[in-house]
Structures are given as structure tokens and as C-alpha cells.
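Here is the structure we will look at, set down as C-alpha cells.
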Amino acid sequence: MIREVRLHHFRCFENLDFFPDEHRTCIVGQNAQGKTSILEAVCVLLRLQSPRTTTTSDLIQSGSESFALEGRFGDTRLQYRQTPEGRSITLDSKIQQKSEDYLSTARITWFSNSDLDLVKGSGSVRRRYLDFLGMQSVPGYRKALRDYERALRSRNALLKEGRPRREIAAFDLPLLDSGEVLLAARSKLVEALAPLAASACLEISSAADILAVRHRPGCSVPFSEALATSRPEEDRLRQTVCGPHRDDLELELNTLKASSFASEGQQRTIALALKIAQARHIEAIHGHPPVLLLDDIFGELDTARRNNLLAALPKDAQTLITTTFLDWAGDAASMAVLTLEGRRLKAGGPK
């Protein structure tokens with residue numbers, strides 16, 4: 001479990017110390033106080049990436065040039081610093097040149113209102129969902145993804161410039177090698193996730209909705225064949241038109257396309273089911289659940305879905321929750337409650 005997190009010049013905080021409970025911690029505060037940024041800091045410290053942005057400069061407090069996060073996960077001390085010279089990560093006071101050992105320390109699952117985009121958003125949102133899980137559960141996934149992204153960027157740049165095919169072909173092999181790893185890994189991930197998501201959907205909807213999840217690969221034949229036969233289309237569009245960067249998830253609710261026919265309440269149920277499936281898969285792979293970060297999602301759920309969600313979360317998971325009010329929390333006495341006000345945390349609920 002995460003035992004402490006210290007923020008320095010991160011987002012809106014100059015300094016903040018956070019000591020979560022080992023079971024369930026609820027941070028209560030008005031909007032624009034920085035509740036989400038505290039959960040984001042936990043995610044960045046443990047996973048070296050933000051669920052809200054891919055731009056590191058967004059994380060630096062206005063007027064500062066750098067930020068630092070420090071914390072303790074179990075008995076392991078973690079430190080992440082971002083300065084104008086670059087990133088530095090430290091594990092038990094030892095600077096890490098590579099991130100593999102650092103990232104093997106902890107896993108997380110992030111819930112937020114933007115998860116609705118998993119249902120109604122573009123395929124890039126669903127690919128990011130798969131990638132975030134793959135990097136926490138599949139050995140070699142992170143390297144394959146980085147290798148694929150590098151090869152794809154280089155190949156697309158040459159296609160855009162209209163360079164000779166022999167120059168473009170130099171990136172075919174690295175694209176195929178890493179791409180085939182991703183395609184196979186994502187297929188297996190979805191195969192494992194589908195029954196977990198279906199079960200979670202039944203639990204949250206009180207058995208009213210049946211969810212089906214399928215992998216839709218970015219090429220319909222073996223990748224090498226698809227890449228070879230797509231050359232005329234590549235030359236016309238000047239970009240790589242097939243491969244894992246076109247992967248998607250098909251989501252059906254009660255046999256109908258979820259993005260077109262599910263109500264907003266049902267779409268929220270699907271998004272929650274996908275995130276619960278993610279947490280349950282991590283628990284099955286590693287033998288213990290991830291840290292759960294729930295960012296202000298209860299205000300958008302009716303009472304039944306709130307109660308069903310809380311009951312469906314992995315029982316032994318450390319859970320950190322942000323909210324603007326505690327009316328939904330009938331069992332608030334069983335949680336550690338902190339109030340965020342004036343960029344400071346204090347014990348107890350709002351008065």
C-alpha cells in the first residue's frame with residue numbers, strides 16, 4: 001500500500017504531505033482545490049505517467065521550473081524529480097537508469113468521469129486503456145509499445161515527405177516485430193478482460209445489462225501481409241494505414257452497439273465495469289489488487305450504482321477517493337476522511 005506521498009511544486013501545490021489509510025481514504029473538498037492533483041501525484045509517483053496529460057510541463061506548479069514527488073510504498077521509498085535537465089527516478093535511494101525495477105513496485109487503477117470516453121470516445125482512448133493495463137501485467141509490453149511508436153513516427157514522417165520506398169522499408173521490420181507483440185498481447189488481454197467486465201457489469205447494473213467486449217485488431221490479416229498490401233493506400237494518404245495503432249475494442253450492451261444505443265447511465269456502468277475488470281485482472285496476475293484511485297465519480301451515479309460499485313471493488317485494495325460531498329457514503333465511519341481546504345489537508349469531514 002502507499003503509506004505517504006509528498007508533493008513539491010506539483011500542479012497547484014507548493015508543498016503537501018499526504019498519509020493515506022491502509023484501507024479506504026476519502027478526500028473531501030470543493031471544486032478547484034486540487035483533489036484530483038493529489039490522486040494524480042500518486043499515479044505519477046507509482047507509474048511515471050499521468051492519466052490526465054502526456055505533457056510533463058503541465059505538472060509543474062506555475063512559476064516553478066521543476067517538481068518532485070516522494071513517497072513510500074510498503075517499505076520501498078520512491079522519488080520522482082523533473083527538472084529542466086530531465087527526469088530522475090530513485091528507488092530506495094538508488095538512482096535508476098532504467099524504469100523496469102521502479103515500475104515493478106506498484107500497480108494502480110484510475111477511475112474518473114472522463115472514463116465515459118471509453119464508450120463514446122475514439123479508439124485512442126480504448127487503446128490507452130489497454131496499454132495502461134498491458135504495461136502493468138504483461139512482461140515486455142512497455143518496450144514493445146515504445147519500439148512500435150518510434151518506428152511508426154519515423155515511418156510516417158518518411159511517408160509524409162514522399163521519400164523513396166527503400167527508405168520507408170527500413171522501418172518495416174521494427175514496426176512488424178514490435179507490432180506483432182502488441183497485437184498478440186492485446187488479443188490475450190481482451191480475452192481475459194471480457195468475462196471480468198461482463199461480470200462487473202452485471203454486478204453494477206443489478207443484473208440488468210449484459211456486456212460483451214471484443215478485440216478489433218488494426219489489420220484483418222497477418223500484419224506482414226496487411227502492411228505489404230496497403231502500400232497503394234499508404235502512398236495516397238502518406239501514413240501507415242494498418243497495425244496496432246488502429247486497434248480498438250468492440251463494446252456491445254444487450255447485443256447492441258454500446259456507443260449508439262446505451263443510455264448515459266448504462267455507458268457509465270460499462271466504463272466502471274471496464275475499470276473493475278482492469279483491477280481484477282491485475283489482482284489475478286500479481287496476487288494482490290492494485291491501488292484504486294477514484295476521482296470524484298460518485299456525484300454522477302445513482303444510489304444503486306454507487307453501492308454496487310463499492311461492493312464490486314476488490315475487497316483488499318487500498319482505495320483513495322475524492323469527492324465534493326459525503327452524502328453518498330453511508331459507511332463514512334469506516335473510512336479515513338480528510339478535508340482539503342486552502343491547499344492543506346486536515347483530518348475529518350467538512351463542517
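So you can find residues: chains in the C-alpha cells are A, B, ... in the order shown, residues in each start at 1, and ligands are numbered from 1 in order.
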
Which of segment 38-142 of chain A counts as helix (DSSP H, G or I) under DSSP, as a PyMOL selection string please? chain A and resi 38-47+56-59+100-103+113-120+123-137+141-142

Would you list the contacts of Gly162 of chain A as number ranges by chain, taking every protein, DNA or RNA residue within 8 Å and counting only C-alpha atoms, but skipping same-chain residues closer than 2 positions in sequence? A: 158-160, 164, 235, 238

Selected residues, N, CA and C atoms, written as an mmCIF file, in the first residue's frame, please.
```
data_model
loop_
_atom_site.group_PDB
_atom_site.id
_atom_site.type_symbol
_atom_site.label_atom_id
_atom_site.label_comp_id
_atom_site.auth_asym_id
_atom_site.auth_seq_id
_atom_site.Cartn_x
_atom_site.Cartn_y
_atom_site.Cartn_z
ATOM 1 N N LEU A 158 8.565 9.736 -43.065
ATOM 2 C CA LEU A 158 9.065 9.496 -44.410
ATOM 3 C C LEU A 158 7.934 9.420 -45.431
ATOM 4 N N LEU A 159 6.828 8.784 -45.059
ATOM 5 C CA LEU A 159 5.678 8.724 -45.956
ATOM 6 C C LEU A 159 5.138 10.121 -46.247
ATOM 7 N N LYS A 160 5.078 10.951 -45.230
ATOM 8 C CA LYS A 160 4.557 12.310 -45.406
ATOM 9 C C LYS A 160 5.447 13.113 -46.356
ATOM 10 N N PRO A 164 11.568 7.776 -50.931
ATOM 11 C CA PRO A 164 11.580 6.500 -51.668
ATOM 12 C C PRO A 164 11.195 5.326 -50.784
ATOM 13 N N ASP A 235 0.672 5.312 -49.901
ATOM 14 C CA ASP A 235 1.188 6.346 -50.793
ATOM 15 C C ASP A 235 0.149 7.441 -51.036
ATOM 16 N N ARG A 238 -0.278 8.985 -47.356
ATOM 17 C CA ARG A 238 1.011 9.360 -46.763
ATOM 18 C C ARG A 238 1.064 9.096 -45.263
#
```

Give me the residues within 7 Å of Ile2 of chain A as a PyMOL selection string, counting only C-alpha atoms and dropping any in the same chain fewer than 6 places off. chain A and resi 72-74

Residue neighbourhood Cys26 of chain A, 6 Å, only C-alpha atoms, exclusion window fewer than 4 positions, as a list in words: Ile321, Thr322 and Val337 of chain A

I need the residues from that last selection saved to file as a PDB file, in the first residue's frame (with N, CA and C atoms), if you can.
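Below is the file that was written, again_4.pdb:
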```pdb
ATOM      1  N   ILE A 321     -10.192   8.049  -2.597  1.00  0.00           N
ATOM      2  CA  ILE A 321     -11.386   8.616  -3.219  1.00  0.00           C
ATOM      3  C   ILE A 321     -11.372  10.131  -3.054  1.00  0.00           C
ATOM      4  N   THR A 322     -11.744  10.866  -4.091  1.00  0.00           N
ATOM      5  CA  THR A 322     -12.010  12.291  -3.949  1.00  0.00           C
ATOM      6  C   THR A 322     -13.495  12.536  -4.179  1.00  0.00           C
ATOM      7  N   VAL A 337     -11.337  10.095   6.600  1.00  0.00           N
ATOM      8  CA  VAL A 337     -11.824  11.255   5.854  1.00  0.00           C
ATOM      9  C   VAL A 337     -10.889  12.433   6.097  1.00  0.00           C
TER      10      VAL A 337
END
```

Please identify every residue of segment 231-308 of chain A that has at least one atom no farther than 12 Å from an atom of segment 129-149 of chain A, counting only C-alpha atoms, and for each give the shortest atom pair and the distance in Å to one decimal, arranged by chain then increasing number, as JSON lines.
```
{"residue": "A:Thr240", "atom": "CA", "partner": "A:Glu149", "partner_atom": "CA", "distance": 11.7}
{"residue": "A:Gly243", "atom": "CA", "partner": "A:Tyr148", "partner_atom": "CA", "distance": 9.7}
{"residue": "A:Pro244", "atom": "CA", "partner": "A:Tyr148", "partner_atom": "CA", "distance": 8.6}
{"residue": "A:His245", "atom": "CA", "partner": "A:Glu149", "partner_atom": "CA", "distance": 8.5}
{"residue": "A:Asp247", "atom": "CA", "partner": "A:Leu130", "partner_atom": "CA", "distance": 9.9}
{"residue": "A:Asp248", "atom": "CA", "partner": "A:Leu130", "partner_atom": "CA", "distance": 9.3}
{"residue": "A:Leu249", "atom": "CA", "partner": "A:Leu130", "partner_atom": "CA", "distance": 9.2}
{"residue": "A:Ala271", "atom": "CA", "partner": "A:Tyr129", "partner_atom": "CA", "distance": 10.6}
{"residue": "A:Leu274", "atom": "CA", "partner": "A:Tyr129", "partner_atom": "CA", "distance": 9.0}
{"residue": "A:Lys275", "atom": "CA", "partner": "A:Tyr129", "partner_atom": "CA", "distance": 8.7}
{"residue": "A:Ile276", "atom": "CA", "partner": "A:Leu133", "partner_atom": "CA", "distance": 11.6}
{"residue": "A:Ala277", "atom": "CA", "partner": "A:Leu133", "partner_atom": "CA", "distance": 10.1}
{"residue": "A:Gln278", "atom": "CA", "partner": "A:Leu133", "partner_atom": "CA", "distance": 6.6}
{"residue": "A:Ala279", "atom": "CA", "partner": "A:Leu133", "partner_atom": "CA", "distance": 8.8}
{"residue": "A:Arg280", "atom": "CA", "partner": "A:Leu133", "partner_atom": "CA", "distance": 10.9}
{"residue": "A:His281", "atom": "CA", "partner": "A:Ser137", "partner_atom": "CA", "distance": 8.2}
{"residue": "A:Ile282", "atom": "CA", "partner": "A:Ser137", "partner_atom": "CA", "distance": 6.3}
{"residue": "A:Glu283", "atom": "CA", "partner": "A:Ser137", "partner_atom": "CA", "distance": 9.5}
{"residue": "A:Ala284", "atom": "CA", "partner": "A:Ser137", "partner_atom": "CA", "distance": 9.6}
{"residue": "A:Ile285", "atom": "CA", "partner": "A:Ser137", "partner_atom": "CA", "distance": 6.7}
{"residue": "A:His286", "atom": "CA", "partner": "A:Ser137", "partner_atom": "CA", "distance": 7.8}
{"residue": "A:Gly287", "atom": "CA", "partner": "A:Ser137", "partner_atom": "CA", "distance": 11.4}
{"residue": "A:Pro289", "atom": "CA", "partner": "A:Gln136", "partner_atom": "CA", "distance": 11.7}
{"residue": "A:Pro290", "atom": "CA", "partner": "A:Gln136", "partner_atom": "CA", "distance": 9.6}
```

Shell around Leu227 of chain A at 9 Å using only C-alpha atoms, local window under 5 positions removed, as an mmCIF file with N, CA and C atoms, in the first residue's frame:
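And here is the file that came out, result.cif:
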```cif
data_model
loop_
_atom_site.group_PDB
_atom_site.id
_atom_site.type_symbol
_atom_site.label_atom_id
_atom_site.label_comp_id
_atom_site.auth_asym_id
_atom_site.auth_seq_id
_atom_site.Cartn_x
_atom_site.Cartn_y
_atom_site.Cartn_z
ATOM 1 N N ASP A 172 10.159 -1.114 -41.657
ATOM 2 C CA ASP A 172 9.137 -2.163 -41.692
ATOM 3 C C ASP A 172 9.402 -3.252 -40.660
ATOM 4 N N LEU A 176 7.040 -4.300 -37.628
ATOM 5 C CA LEU A 176 6.398 -5.623 -37.597
ATOM 6 C C LEU A 176 6.752 -6.383 -36.325
ATOM 7 N N CYS A 219 -5.531 -4.665 -38.186
ATOM 8 C CA CYS A 219 -5.356 -5.264 -39.505
ATOM 9 C C CYS A 219 -6.096 -6.598 -39.508
ATOM 10 N N PRO A 222 -2.670 -11.322 -41.234
ATOM 11 C CA PRO A 222 -1.376 -11.170 -40.566
ATOM 12 C C PRO A 222 -0.737 -9.824 -40.890
ATOM 13 N N THR A 240 0.939 5.347 -42.369
ATOM 14 C CA THR A 240 0.760 3.917 -42.167
ATOM 15 C C THR A 240 -0.698 3.656 -41.823
ATOM 16 N N VAL A 241 -1.367 2.834 -42.622
ATOM 17 C CA VAL A 241 -2.824 2.719 -42.508
ATOM 18 C C VAL A 241 -3.284 1.443 -41.798
ATOM 19 N N CYS A 242 -2.362 0.571 -41.399
ATOM 20 C CA CYS A 242 -2.775 -0.628 -40.681
ATOM 21 C C CYS A 242 -1.762 -0.937 -39.594
ATOM 22 N N GLY A 243 -2.226 -1.647 -38.568
ATOM 23 C CA GLY A 243 -1.338 -2.010 -37.474
ATOM 24 C C GLY A 243 -1.972 -1.737 -36.120
#
```

Find the residues around Ser260 of chain A up to 12 Å (only C-alpha atoms counted), leave out those fewer than 5 positions away in its own chain, and share them as a short mmCIF file (atom, residue, chain, number, x, y, z; two decimals) with N, CA and C atoms, in the first residue's frame.
```
data_model
loop_
_atom_site.label_atom_id
_atom_site.label_comp_id
_atom_site.auth_asym_id
_atom_site.auth_seq_id
_atom_site.Cartn_x
_atom_site.Cartn_y
_atom_site.Cartn_z
N VAL A 119 -16.42 4.51 -23.78
CA VAL A 119 -17.58 4.03 -24.53
C VAL A 119 -17.86 4.91 -25.75
N LYS A 120 -17.88 6.21 -25.55
CA LYS A 120 -18.31 7.10 -26.63
C LYS A 120 -17.17 7.84 -27.32
N GLY A 121 -15.94 7.67 -26.83
CA GLY A 121 -14.81 8.36 -27.41
C GLY A 121 -14.17 7.60 -28.57
N GLU A 250 -14.53 -3.52 -29.38
CA GLU A 250 -15.97 -3.50 -29.68
C GLU A 250 -16.72 -3.72 -28.38
N LEU A 251 -17.63 -2.82 -28.07
CA LEU A 251 -18.42 -2.90 -26.84
C LEU A 251 -19.89 -3.02 -27.21
N GLU A 252 -20.50 -4.10 -26.78
CA GLU A 252 -21.94 -4.30 -27.02
C GLU A 252 -22.64 -4.48 -25.69
N LEU A 253 -23.79 -3.81 -25.56
CA LEU A 253 -24.61 -3.95 -24.37
C LEU A 253 -25.97 -4.52 -24.79
N THR A 255 -26.53 -6.93 -26.73
CA THR A 255 -26.35 -7.26 -28.15
C THR A 255 -26.36 -6.04 -29.07
N GLN A 266 -26.11 3.70 -18.57
CA GLN A 266 -25.55 2.42 -18.99
C GLN A 266 -24.10 2.58 -19.46
N GLN A 267 -23.81 3.69 -20.14
CA GLN A 267 -22.44 3.93 -20.57
C GLN A 267 -21.51 4.09 -19.36
#
```

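Using only C-alpha atoms, the residues found no farther than 9 Å from Ala317 of chain A, other than those of its own chain fewer than 5 positions away, are Met1, Glu22, His23, Arg24, His288, Pro289, Pro290, Val291 and Leu292 of chain A.
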
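DSSP, applied to the backbone of this structure, assigns strand (DSSP E) to the following residues of segment 61-182 of chain A: Phe67, Ala68, Leu69, Glu70, Gly71, Arg72, Phe73, Thr76, Arg77, Leu78, Gln79, Tyr80, Arg81, Gln82, Thr83, Gly86, Arg87, Ser88, Ile89, Thr90, Leu91, Lys94, Ile95, Ile108, Thr109, Trp110, Phe111 and Ser112 of chain A.
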
Could you write those residues out with C-alpha atoms, as an mmCIF file, in the first residue's frame?
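Printed below is result-v5.cif as written:
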```cif
data_model
loop_
_atom_site.group_PDB
_atom_site.id
_atom_site.type_symbol
_atom_site.label_atom_id
_atom_site.label_comp_id
_atom_site.auth_asym_id
_atom_site.auth_seq_id
_atom_site.Cartn_x
_atom_site.Cartn_y
_atom_site.Cartn_z
ATOM 1 C CA PHE A 67 8.626 19.388 -9.434
ATOM 2 C CA ALA A 68 9.373 16.489 -7.122
ATOM 3 C CA LEU A 69 7.303 13.630 -5.731
ATOM 4 C CA GLU A 70 8.446 11.422 -2.888
ATOM 5 C CA GLY A 71 6.703 8.551 -1.177
ATOM 6 C CA ARG A 72 6.746 5.157 0.397
ATOM 7 C CA PHE A 73 5.020 2.088 -0.971
ATOM 8 C CA THR A 76 10.069 0.872 -0.568
ATOM 9 C CA ARG A 77 10.969 4.534 -0.938
ATOM 10 C CA LEU A 78 10.262 6.182 -4.289
ATOM 11 C CA GLN A 79 11.275 9.536 -5.689
ATOM 12 C CA TYR A 80 10.493 11.220 -8.983
ATOM 13 C CA ARG A 81 12.069 14.568 -9.926
ATOM 14 C CA GLN A 82 11.502 16.564 -13.096
ATOM 15 C CA THR A 83 13.935 19.420 -13.714
ATOM 16 C CA GLY A 86 15.377 15.949 -17.362
ATOM 17 C CA ARG A 87 13.802 13.224 -15.263
ATOM 18 C CA SER A 88 15.349 11.457 -12.288
ATOM 19 C CA ILE A 89 13.826 8.420 -10.559
ATOM 20 C CA THR A 90 15.130 6.899 -7.341
ATOM 21 C CA LEU A 91 14.302 3.566 -5.735
ATOM 22 C CA LYS A 94 19.445 4.428 -5.665
ATOM 23 C CA ILE A 95 19.113 6.362 -8.919
ATOM 24 C CA ILE A 108 -2.870 1.234 -9.945
ATOM 25 C CA THR A 109 -6.316 1.528 -11.493
ATOM 26 C CA TRP A 110 -7.696 5.022 -12.101
ATOM 27 C CA PHE A 111 -11.427 5.855 -12.185
ATOM 28 C CA SER A 112 -12.748 9.253 -13.311
#
```

Atomic distance atom CA of Phe223 of chain A - atom CA of Val190 of chain A, expressed in Å with one decimal: 18.5 Å

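Interatomic distance, atom CA of Ala200 of chain A to atom CA of Val181 of chain A: 28.3 Å.
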
Quick check, in Å to one decimal: how far apart do atom CA of Arg11 of chain A and atom CA of Ile60 of chain A lie? 5.4 Å
